[in-house]
$ cat upload-v9.cif   # mmCIF, C-alpha atoms
data_work
#
loop_
_atom_site.label_atom_id
_atom_site.label_comp_id
_atom_site.auth_asym_id
_atom_site.auth_seq_id
_atom_site.Cartn_x
_atom_site.Cartn_y
_atom_site.Cartn_z
CA MET A 1 83.96 122.72 114.63
CA VAL A 2 85.50 122.34 111.18
CA SER A 3 83.05 122.84 108.32
CA GLU A 4 82.52 120.11 105.73
CA LYS A 5 83.66 122.34 102.89
CA ASP A 6 87.09 122.52 104.56
CA MET A 7 87.47 118.75 104.82
CA GLY A 8 89.65 118.37 101.74
CA ASN A 9 89.53 117.10 98.19
CA LYS A 10 90.45 113.74 96.72
CA GLY A 11 93.94 113.49 95.31
CA SER A 12 96.85 111.03 95.20
CA LYS A 13 97.03 107.99 97.47
CA LEU A 14 98.50 109.00 100.84
CA THR A 15 100.19 106.91 103.53
CA ILE A 16 98.42 107.06 106.90
CA LEU A 17 100.11 105.62 109.99
CA LEU A 18 97.53 104.09 112.36
CA ILE A 19 98.44 103.73 116.03
CA TRP A 20 95.52 101.39 116.30
CA GLY A 21 94.46 97.99 117.56
CA TYR A 22 93.47 95.55 114.82
CA GLN A 23 92.23 92.66 116.96
CA ARG A 24 88.59 93.73 116.52
CA LYS A 25 86.78 94.04 113.20
CA GLY A 26 84.69 96.96 114.39
CA TRP A 27 87.75 99.02 115.29
CA ILE A 28 89.33 98.75 111.84
CA LEU A 29 86.14 98.91 109.74
CA PRO A 30 86.70 102.51 108.52
CA PHE A 31 90.24 101.76 107.35
CA GLU A 32 89.36 98.48 105.69
CA LYS A 33 86.65 100.23 103.70
CA LEU A 34 89.03 103.04 102.71
CA LYS A 35 92.04 100.86 101.86
CA GLU A 36 91.65 101.48 98.14
CA GLU A 37 92.02 105.22 98.78
CA PHE A 38 94.92 105.21 101.27
CA ASN A 39 98.03 103.23 102.15
CA PHE A 40 97.40 102.33 105.79
CA VAL A 41 100.19 101.10 108.07
CA TYR A 42 99.22 99.67 111.48
CA LEU A 43 101.36 100.04 114.62
CA HIS A 44 100.01 98.67 117.89
CA TYR A 45 102.19 95.99 119.48
CA VAL A 46 105.80 96.07 120.61
CA SER A 47 106.47 92.68 119.02
CA PRO A 48 104.61 90.19 116.78
CA GLU A 49 104.46 87.74 119.70
CA GLN A 50 101.96 90.04 121.43
CA GLU A 51 99.42 89.82 118.62
CA THR A 52 96.19 88.05 119.43
CA ASP A 53 93.57 88.23 116.68
CA CYS A 54 94.38 90.12 113.50
CA PHE A 55 91.64 91.20 111.09
CA THR A 56 93.67 93.13 108.53
CA GLN A 57 95.91 92.17 105.63
CA GLN A 58 97.39 95.66 105.47
CA LYS A 59 100.96 96.38 106.52
CA ARG A 60 101.82 96.00 110.21
CA ILE A 61 104.96 97.22 111.96
CA TYR A 62 106.15 96.89 115.57
CA TRP A 63 107.68 99.29 118.07
CA GLN A 64 110.66 97.05 118.85
CA LYS A 65 112.04 97.56 115.33
CA PHE A 66 112.82 101.21 116.05
CA THR A 67 115.11 102.95 118.51
CA ASP A 68 113.27 106.28 118.34
CA ALA A 69 110.25 107.91 116.70
CA TYR A 70 112.28 109.69 114.02
CA GLN A 71 113.62 106.38 112.71
CA LEU A 72 110.03 105.12 112.58
CA LEU A 73 108.82 108.18 110.67
CA GLU A 74 111.72 107.98 108.24
CA GLU A 75 110.80 104.41 107.31
CA VAL A 76 107.01 104.85 107.06
CA LYS A 77 106.98 108.42 105.70
CA PRO A 78 103.35 109.02 106.70
CA SER A 79 101.35 112.01 105.52
CA LYS A 80 99.29 111.86 108.72
CA ILE A 81 99.09 109.82 111.93
CA VAL A 82 95.84 108.61 113.48
CA PHE A 83 95.84 107.56 117.15
CA MET A 84 93.20 105.72 119.17
CA SER A 85 94.47 107.73 122.14
CA ILE A 86 97.69 109.37 123.32
CA PHE A 87 98.45 108.30 126.86
CA ASN A 88 101.61 106.17 127.04
CA GLY A 89 105.22 107.13 126.49
CA LEU A 90 105.47 105.56 123.03
CA ASP A 91 102.47 107.48 121.72
CA ILE A 92 103.69 110.72 123.29
CA ALA A 93 107.16 110.29 121.73
CA LEU A 94 105.66 109.69 118.28
CA ASN A 95 103.26 112.61 118.64
CA ILE A 96 106.09 114.98 119.56
CA ALA A 97 108.35 113.79 116.74
CA ALA A 98 105.52 114.08 114.20
CA LYS A 99 104.78 117.64 115.23
CA ASN A 100 108.46 118.54 114.99
CA LYS A 101 108.46 117.23 111.42
CA GLY A 102 105.21 118.96 110.49
CA ILE A 103 103.15 115.76 110.25
CA LYS A 104 99.55 116.24 111.40
CA THR A 105 98.31 113.97 114.19
CA PHE A 106 94.71 113.03 114.94
CA ILE A 107 92.74 111.20 117.59
CA LEU A 108 89.85 109.33 115.97
CA GLN A 109 86.91 108.16 118.04
CA HIS A 110 86.26 104.43 118.36
CA GLY A 111 83.26 103.06 120.21
CA MET A 112 81.06 105.17 122.46
CA PHE A 113 82.60 108.15 124.23
CA THR A 114 80.95 109.70 127.27
CA THR A 115 81.83 112.42 129.79
CA TYR A 116 84.73 112.46 132.23
CA ALA A 117 82.31 112.27 135.17
CA ASP A 118 80.83 109.09 133.72
CA TYR A 119 84.23 107.50 133.19
CA ARG A 120 85.44 108.57 136.62
CA ALA A 121 82.39 107.13 138.34
CA ARG A 122 83.14 103.77 136.77
CA GLU A 123 86.80 104.03 137.78
CA VAL A 124 85.88 104.65 141.39
CA LYS A 125 83.32 101.85 141.46
CA TYR A 126 85.50 99.32 139.69
CA LYS A 127 88.86 100.41 141.11
CA ASN A 128 91.87 98.77 139.45
CA ILE A 129 89.87 97.36 136.53
CA SER A 130 88.14 100.25 134.79
CA GLU A 131 91.38 101.73 133.46
CA VAL A 132 91.26 100.44 129.92
CA LYS A 133 94.90 99.92 129.06
CA GLN A 134 96.14 99.31 125.57
CA ASP A 135 97.23 95.78 124.76
CA LEU A 136 100.82 97.03 124.92
CA GLU A 137 100.39 96.71 128.68
CA SER A 138 98.45 93.45 128.86
CA GLY A 139 98.55 89.91 127.53
CA VAL A 140 102.00 88.79 126.36
CA PRO A 141 104.57 91.17 127.88
CA ALA A 142 106.86 93.26 125.71
CA PRO A 143 110.37 91.86 125.14
CA LEU A 144 112.75 92.66 127.98
CA THR A 145 115.15 94.16 125.44
CA PHE A 146 112.64 96.92 124.61
CA SER A 147 112.17 99.95 126.85
CA SER A 148 109.40 102.51 126.31
CA PHE A 149 111.32 104.99 128.45
CA ALA A 150 114.46 104.54 126.36
CA PHE A 151 112.42 105.05 123.18
CA LEU A 152 110.98 108.28 124.57
CA LYS A 153 114.36 109.51 125.80
CA LYS A 154 116.09 108.84 122.47
CA THR A 155 113.28 110.63 120.61
CA LEU A 156 113.35 113.84 122.63
CA LYS A 157 115.44 116.80 121.58
CA TRP A 158 116.70 119.36 124.09
CA SER A 159 114.00 121.76 122.89
CA ASP A 160 111.30 119.18 123.77
CA TYR A 161 112.15 118.91 127.47
CA LEU A 162 110.72 122.28 128.47
CA GLY A 163 107.29 121.21 127.18
CA LEU A 164 107.56 117.94 129.10
CA SER A 165 108.31 119.41 132.53
CA LYS A 166 104.95 118.08 133.78
CA TYR A 167 105.53 114.55 132.47
CA PRO A 168 106.86 113.04 135.76
CA PHE A 169 103.72 114.22 137.59
CA TYR A 170 101.53 112.92 134.75
CA TYR A 171 103.27 109.54 134.85
CA TYR A 172 102.82 109.32 138.63
CA LEU A 173 99.06 109.96 138.39
CA LEU A 174 98.76 107.60 135.42
CA LYS A 175 100.18 104.77 137.51
CA LYS A 176 98.40 105.75 140.73
CA GLU A 177 94.95 106.51 139.31
CA SER A 178 94.18 106.14 135.61
CA GLN A 179 94.96 107.47 132.15
CA LEU A 180 92.00 109.86 132.03
CA TYR A 181 92.56 111.11 135.59
CA ALA A 182 96.21 111.88 134.82
CA ALA A 183 95.38 113.53 131.50
CA LYS A 184 92.72 115.77 133.03
CA HIS A 185 94.86 116.97 135.91
CA ILE A 186 98.24 117.25 134.15
CA ARG A 187 97.94 118.78 130.69
CA PHE A 188 100.85 119.23 128.29
CA LYS A 189 101.02 119.64 124.52
CA GLY A 190 103.10 116.55 123.93
CA ARG A 191 100.06 114.43 124.76
CA MET A 192 97.61 116.33 122.55
CA PRO A 193 97.01 115.78 118.81
CA ASP A 194 96.63 118.52 116.24
CA LYS A 195 93.01 117.58 115.52
CA TYR A 196 90.19 115.41 116.88
CA ILE A 197 87.77 113.38 114.75
CA CYS A 198 84.56 112.61 116.61
CA TYR A 199 81.22 111.10 115.72
CA THR A 200 79.03 113.86 117.18
CA PRO A 201 79.36 117.01 119.30
CA LYS A 202 78.05 115.03 122.27
CA SER A 203 80.77 112.40 121.97
CA ALA A 204 83.43 115.13 121.72
CA ILE A 205 82.69 116.45 125.22
CA ILE A 206 85.43 114.28 126.73
CA HIS A 207 88.09 116.05 124.63
CA PHE A 208 86.89 119.48 125.72
CA GLU A 209 86.99 118.30 129.34
CA ILE A 210 90.34 116.50 129.26
CA ASP A 211 92.40 118.43 126.73
CA LYS A 212 90.52 121.77 126.59
CA ALA A 213 90.33 121.15 122.83
CA ALA A 214 89.59 124.23 120.73
CA PRO A 215 86.28 123.96 118.81
CA GLN A 216 88.04 124.70 115.52
CA ASP A 217 90.25 121.63 116.02
CA VAL A 218 87.34 119.17 116.18
CA PHE A 219 85.80 117.45 113.14
CA TYR A 220 82.42 115.68 113.26
CA ILE A 221 81.74 112.83 110.87
CA GLY A 222 79.10 110.50 112.35
CA ASN A 223 79.86 106.85 113.11
CA PRO A 224 81.19 104.89 110.08
CA GLU A 225 79.72 101.71 111.57
CA PHE A 226 76.26 103.14 111.00
CA ASP A 227 76.69 103.96 107.31
CA THR A 228 75.43 100.55 106.23
CA PHE A 229 72.46 100.78 108.59
CA LEU A 230 71.45 104.13 107.19
CA GLN A 231 72.06 103.29 103.53
CA THR A 232 70.24 99.94 103.51
CA TRP A 233 67.64 100.11 106.30
CA ASP A 234 64.59 100.74 104.14
CA SER A 235 65.44 97.97 101.68
CA LEU A 236 66.37 95.24 104.18
CA GLN A 237 64.44 92.00 103.75
CA PRO A 238 62.78 90.76 106.96
CA ILE A 239 63.83 87.63 108.84
CA ASN A 240 60.80 85.36 109.11
CA GLU A 241 61.17 84.54 112.77
CA GLU A 242 59.69 85.80 116.04
CA TYR A 243 62.51 86.91 118.33
CA TYR A 244 63.92 89.61 120.59
CA LEU A 245 67.54 90.74 120.24
CA HIS A 246 69.91 91.44 123.12
CA VAL A 247 73.14 93.37 122.35
CA ASP A 248 75.45 92.07 125.07
CA GLN A 249 78.60 93.47 126.67
CA ALA A 250 81.57 91.63 128.17
CA PHE A 251 80.92 92.28 131.84
CA ALA A 252 82.04 88.78 132.90
CA GLY A 253 84.73 86.57 131.45
CA SER A 254 86.48 89.47 129.72
CA ARG A 255 89.97 90.85 130.44
CA PHE A 256 88.42 92.26 133.63
CA GLY A 257 87.50 88.78 134.85
CA GLU A 258 84.42 88.72 137.07
CA ARG A 259 85.05 91.90 139.04
CA MET A 260 82.21 93.81 137.39
CA VAL A 261 79.63 91.03 137.14
CA THR A 262 80.00 87.33 137.92
CA LYS A 263 79.29 84.63 135.37
CA GLU A 264 76.43 83.42 137.53
CA GLU A 265 74.88 86.91 137.51
CA MET A 266 75.17 87.12 133.74
CA ILE A 267 73.60 83.70 133.25
CA SER A 268 70.74 84.65 135.57
CA PHE A 269 70.26 87.88 133.61
CA TRP A 270 70.12 86.07 130.25
CA PHE A 271 67.67 83.51 131.58
CA LYS A 272 65.34 86.27 132.83
CA LEU A 273 65.35 87.76 129.33
CA ASN A 274 64.70 84.31 127.91
CA ALA A 275 61.77 83.74 130.28
CA PHE A 276 60.14 86.91 128.92
CA CYS A 277 60.77 85.80 125.33
CA MET A 278 59.36 82.32 125.89
CA ASN A 279 56.24 83.85 127.45
CA LYS A 280 55.83 85.81 124.19
CA ASN A 281 56.44 82.67 122.06
CA ALA A 282 59.60 84.24 120.72
CA ARG A 283 63.27 83.27 120.63
CA LEU A 284 66.07 85.20 122.30
CA LYS A 285 69.04 86.08 120.10
CA ILE A 286 72.11 87.37 121.96
CA LYS A 287 74.73 89.35 120.00
CA LEU A 288 77.92 88.71 121.96
CA HIS A 289 80.63 91.28 122.58
CA PRO A 290 83.91 90.35 120.79
CA GLU A 291 85.65 89.73 124.13
CA ASN A 292 83.19 86.89 124.81
CA PHE A 293 83.43 85.21 121.41
CA LYS A 294 85.74 82.52 122.80
CA SER A 295 83.97 82.06 126.14
CA ASP A 296 83.34 78.43 127.10
CA TRP A 297 80.91 79.15 129.93
CA LEU A 298 77.90 80.37 127.95
CA PRO A 299 74.77 78.39 128.91
CA THR A 300 72.98 76.15 126.46
CA HIS A 301 69.23 76.60 126.03
CA PRO A 302 67.05 75.50 123.10
CA ASN A 303 65.42 78.96 122.91
CA ILE A 304 68.65 81.01 122.92
CA ASP A 305 70.75 81.73 119.83
CA TRP A 306 74.29 83.01 120.41
CA ILE A 307 75.54 85.35 117.67
CA LYS A 308 79.21 86.18 117.21
CA GLU A 309 80.27 87.69 113.91
CA SER A 310 77.33 88.59 111.72
CA ASN A 311 77.03 90.27 108.36
CA GLU A 312 73.33 90.72 108.98
CA ILE A 313 73.24 92.74 112.18
CA GLU A 314 71.11 95.36 110.42
CA ARG A 315 68.50 92.73 109.50
CA LEU A 316 68.68 91.23 113.00
CA ILE A 317 67.84 94.58 114.56
CA LYS A 318 65.16 95.50 112.02
CA SER A 319 63.33 92.16 112.20
CA SER A 320 63.34 91.90 115.98
CA LYS A 321 60.21 92.47 118.04
CA GLY A 322 62.30 94.63 120.37
CA CYS A 323 65.86 95.03 121.63
CA PHE A 324 67.71 94.79 124.93
CA GLY A 325 71.14 96.14 125.78
CA PHE A 326 73.40 98.25 127.98
CA PHE A 327 75.35 101.14 126.35
CA SER A 328 77.40 99.72 123.47
CA THR A 329 77.84 101.18 119.99
CA LEU A 330 75.37 98.78 118.39
CA ILE A 331 72.64 99.83 120.77
CA ILE A 332 72.44 103.28 119.10
CA PRO A 333 70.65 102.16 115.91
CA ALA A 334 68.54 99.78 117.98
CA VAL A 335 67.34 102.65 120.19
CA TYR A 336 66.67 104.85 117.16
CA PHE A 337 64.83 102.33 115.00
CA LYS A 338 63.27 99.87 117.49
CA LYS A 339 61.63 99.72 120.90
CA THR A 340 64.54 99.17 123.29
CA ILE A 341 65.00 98.37 126.97
CA LEU A 342 68.40 99.01 128.55
CA PHE A 343 69.73 97.67 131.83
CA LYS A 344 71.56 99.72 134.43
CA LEU A 345 74.60 98.43 136.34
CA SER A 346 75.70 101.83 137.61
CA ASP A 347 74.83 105.43 136.88
CA SER A 348 75.37 106.15 133.18
CA GLU A 349 75.00 109.58 131.61
CA ILE A 350 74.32 107.99 128.22
CA GLN A 351 71.48 105.88 129.56
CA ASN A 352 70.08 108.77 131.59
CA ASP A 353 70.15 111.00 128.52
CA MET A 354 68.25 108.44 126.45
CA LEU A 355 65.75 107.92 129.26
CA LYS A 356 65.04 111.66 129.59
CA MET A 357 64.37 111.81 125.85
CA GLY A 358 61.85 108.99 126.12
CA MET A 359 63.90 106.82 123.76
CA ILE A 360 64.31 103.82 126.09
CA ARG A 361 62.99 102.08 129.14
CA LEU A 362 65.59 101.50 131.85
CA LEU A 363 65.60 98.57 134.29
CA ASP A 364 68.00 97.65 137.08
CA PHE A 365 70.33 94.84 136.02
CA SER A 366 70.19 93.00 139.35
CA LYS A 367 66.68 93.73 140.56
CA PHE A 368 64.40 93.36 137.55
CA ASN A 369 62.18 90.36 136.88
CA SER A 370 60.94 89.11 133.53
CA GLU A 371 57.49 90.47 134.44
CA ASP A 372 58.94 94.01 134.51
CA ILE A 373 59.71 93.92 130.77
CA GLU A 374 57.07 95.69 128.71
CA PHE A 375 57.24 96.96 125.13
CA ASP A 376 53.61 97.42 124.09
CA SER A 377 53.01 100.97 125.36
CA PHE A 378 56.32 102.26 124.03
CA VAL A 379 55.85 105.48 121.99
CA LYS A 380 58.66 107.75 120.72
CA LYS A 381 57.95 111.38 119.84
CA GLN A 382 59.37 112.89 116.64
CA ASP A 383 60.99 115.76 118.53
CA ASP A 384 62.85 113.24 120.70
CA LEU A 385 63.94 111.29 117.62
CA ASN A 386 65.32 114.51 116.13
CA VAL A 387 67.37 115.27 119.25
CA PHE A 388 68.60 111.69 119.45
CA GLU A 389 69.66 111.84 115.81
CA LYS A 390 71.75 114.95 116.43
CA ASN A 391 73.34 113.62 119.63
CA TYR A 392 74.15 110.09 118.52
CA PHE A 393 74.29 110.05 114.69
CA TYR A 394 75.32 113.62 113.75
CA LYS A 395 73.71 113.02 110.34
CA ILE A 396 71.67 110.12 108.97
CA ASP A 397 72.93 110.44 105.39
CA GLY A 398 75.21 107.37 105.63
CA LYS A 399 78.27 109.41 104.57
CA SER A 400 80.50 109.19 107.64
CA LEU A 401 83.26 107.37 105.74
CA GLU A 402 83.15 109.98 103.00
CA ARG A 403 83.67 112.72 105.58
CA LEU A 404 86.55 110.79 107.19
CA SER A 405 88.21 110.31 103.82
CA CYS A 406 88.03 114.03 103.09
CA ILE A 407 89.63 114.89 106.42
CA LEU A 408 92.52 112.48 105.90
CA ARG A 409 93.15 113.88 102.43
CA LYS A 410 93.28 117.51 103.44
#
$ encode --input "upload-v9.cif" --output "structure tokens"
Amino acid sequence: MVSEKDMGNKGSKLTILLIWGYQRKGWILPFEKLKEEFNFVYLHYVSPEQETDCFTQQKRIYWQKFTDAYQLLEEVKPSKIVFMSIFNGLDIALNIAAKNKGIKTFILQHGMFTTYADYRAREVKYKNISEVKQDLESGVPAPLTFSSFAFLKKTLKWSDYLGLSKYPFYYYLLKKESQLYAAKHIRFKGRMPDKYICYTPKSAIIHFEIDKAAPQDVFYIGNPEFDTFLQTWDSLQPINEEYYLHVDQAFAGSRFGERMVTKEEMISFWFKLNAFCMNKNARLKIKLHPENFKSDWLPTHPNIDWIKESNEIERLIKSSKGCFGFFSTLIIPAVYFKKTILFKLSDSEIQNDMLKMGMIRLLDFSKFNSEDIEFDSFVKKQDDLNVFEKNYFYKIDGKSLERLSCILRK
């Protein structure tokens, strides 16, 4: 682990190249909040035609404009490059070129990371859908005139080929199994960044498992999405309404279709939650996952409020009588601050960990009834809260963004 005193000092405004999706507000939140300190340039799609939603006004460039990674680097002139992940040929080409030019590359955590065993179990259960591919490989196809393989080939120097001798085997497993499976079984330096930026030591486990990351190459910052929670929690004004809050996930109607859960199963699940709430003379508020914001199949019920974008999620959690959820990022502060019941679709190490600590109650998604829901006897011990804080927040000082800024400046 890198110590905080080594995280850098503020200086001149640097250009940071982000190999990063910008179709979700949560994904780009750290960069939008730091845009006065850095010049950020986004690169995600091959062409503008592939863009879906865009939540940034910062500069965007596209892969199709460049014939190789060196041309790209010459135009952008980044001080550092931050990746969401490094799995496909375009990312690998850029990573190699950056290292050859002495430009530091990072993988920055987004969302909740778990262990390889957890990911693999989901892949096996939901074969052909659990491989989360970047939008480069989904939605509107890349122009036929652009070739990822040609981009990679034109980027590579003769000296690079020796380090890529395993790439054909990696590519085969990537197509046959999944990105993580291929990365774990076929390791090569061209796919690995210089440094990793993770929220907590627990969320960094996947990098130690997949890449055999060295401890000194891993930074811990906490989750920037939680800074506002932690800075404002005590001063938040209550919402004068009796309700329970459910933090939903896009298990049906998302890019995976209905292969994980059917729409009918989701509607039945929501109505069971609502039956409990109505019995308690309370409303049910459902915070939708971004992938379901545009869904046209959500049921209408006078006691259910559907929440999409909200600038008051902190108040919604704090003022609720209790929370429901699965294993999304937003469920972390709910589990820490409120009584929370999670629902199990398949075995989840994150849920099991929280259950062992006594931080949640866990019910089966398909088998539970509204009568099984019970909050009143819920008691959390301080020792368990302390462990949870370390595992899922790193620190509760609300300074995750400050730590990220220092790392990018160093």
$ atom_distance --input "upload-v9.cif" --atom1 "atom CA of A:Gln216" --atom2 "atom CA of A:Thr200"
14.2 Å
$ residues_around --input "upload-v9.cif" --residues "A:Gly111" --least-positions-apart "6" --cutoff "9 Å" --atoms "only C-alpha atoms" --output "PyMOL selection string"
chain A and resi 26-27+223+328-329
$ resolve_selection --input "upload-v9.cif" --expression "the PyMOL selection byres ((chain A and resi 326) around 9)" --output "list in words"
Val247, Asp248, Gln249, Phe324, Gly325, Phe327, Ser328, Ile331, Ile341, Leu342, Phe343, Lys344, Leu345 and Gln351 of chain A
$ resolve_selection --input "upload-v9.cif" --expression "the PyMOL selection byres ((chain A and resi 105) around 8)" --output "PyMOL selection string"
chain A and resi 80-83+95+98-99+103-104+106-107+193-195
$ closest_residue --input "upload-v9.cif" --among "A:Leu236, A:Ala150, A:Ala117, A:Cys198" --to "A:Leu180" --atoms "all atoms listed in the file"
A:Ala117
$ atom_distance --input "upload-v9.cif" --atom1 "atom CA of A:Ser47" --atom2 "atom CA of A:Phe146"
9.3 Å
$ atom_distance --input "upload-v9.cif" --atom1 "atom CA of A:Lys318" --atom2 "atom CA of A:Val379"
16.9 Å
